[in-house]
Structures are given as structure tokens and as C-alpha cells.
Amino acid sequence: MIIDLDSWEEGYSDGLLGRPSQCTAGLDRLSYSSGYCQARACKATPEGPPLRLSTQRASQRHGRRSRLIII
């Protein structure tokens with residue numbers, strides 16, 4: 001399975017902020033939904049969501065979309 005990290009992070013962000021799930025046309029739906037569900041699950045735990053360390057990603061600096069491959 002290949003997860004588009006840009007789409008996943010958009011979904012994760014929307015889930016953490018409590019926004020409704022709204023995957024825009026330029027995003028991968030499965031990746032967005034996966035990030036959204038993960039964020040909602042993290043919000044529901046007593047520990048809360050993990051901290052985000054990076055605000056700018058290498059893929060944006062190089063003009064490429066990043067992908068995570070899960071085997």
C-alpha cells in the first residue's frame with residue numbers, strides 16, 4: 001500500500017482540529033482518510049496526539065510529493 005504523505009498530513013491536521021472530513025480534489029482519498037482517522041483516534045486517548053516536530057518538509061523544498069510505502 002502506498003500512502004501519500006501530503007494527503008495524510010492534511011487529513012491528520014483536519015482531524016486534530018476537529019474539522020469535518022473534506023478531502024479536496026488534489027488529495028489522495030485513502031491517504032487523507034487514514035490521517036483523519038488516526039488524528040481522531042489520537043485525540044480520543046488520554047495521552048493526546050504526538051507532537052509534530054517539522055513544519056517544512058524536504059519534499060516541499062525539492063518540489064516533489066513524498067510517499068510512504070507500507071509493506
# chains A, B, ... in the order shown; residues from 1 in each chain; ligands from 1
$ residues_around --residues "range 11-17 of chain A" --least-positions-apart "4" --cutoff "7 Å" --atoms "only C-alpha atoms" --output "PyMOL selection string"
chain A and resi 7+21+32-33+35-40+43
$ write_last_selection --atoms "C-alpha atoms" --output "PDB file, in the first residue's frame"
ATOM      1  CA  SER A   7      -2.719  13.905   1.782  1.00  0.00           C
ATOM      2  CA  SER A  21     -13.610  15.317   6.842  1.00  0.00           C
ATOM      3  CA  TYR A  32      -6.440  11.610   3.678  1.00  0.00           C
ATOM      4  CA  SER A  33      -8.948   9.330   5.401  1.00  0.00           C
ATOM      5  CA  GLY A  35      -4.623  10.527   8.511  1.00  0.00           C
ATOM      6  CA  TYR A  36      -8.009  11.857   9.573  1.00  0.00           C
ATOM      7  CA  CYS A  37      -8.934   8.644  11.395  1.00  0.00           C
ATOM      8  CA  GLN A  38      -5.516   8.453  13.065  1.00  0.00           C
ATOM      9  CA  ALA A  39      -5.842  12.004  14.401  1.00  0.00           C
ATOM     10  CA  ARG A  40      -9.340  11.387  15.712  1.00  0.00           C
ATOM     11  CA  LYS A  43      -7.458  12.849  20.254  1.00  0.00           C
TER      12      LYS A  43
END
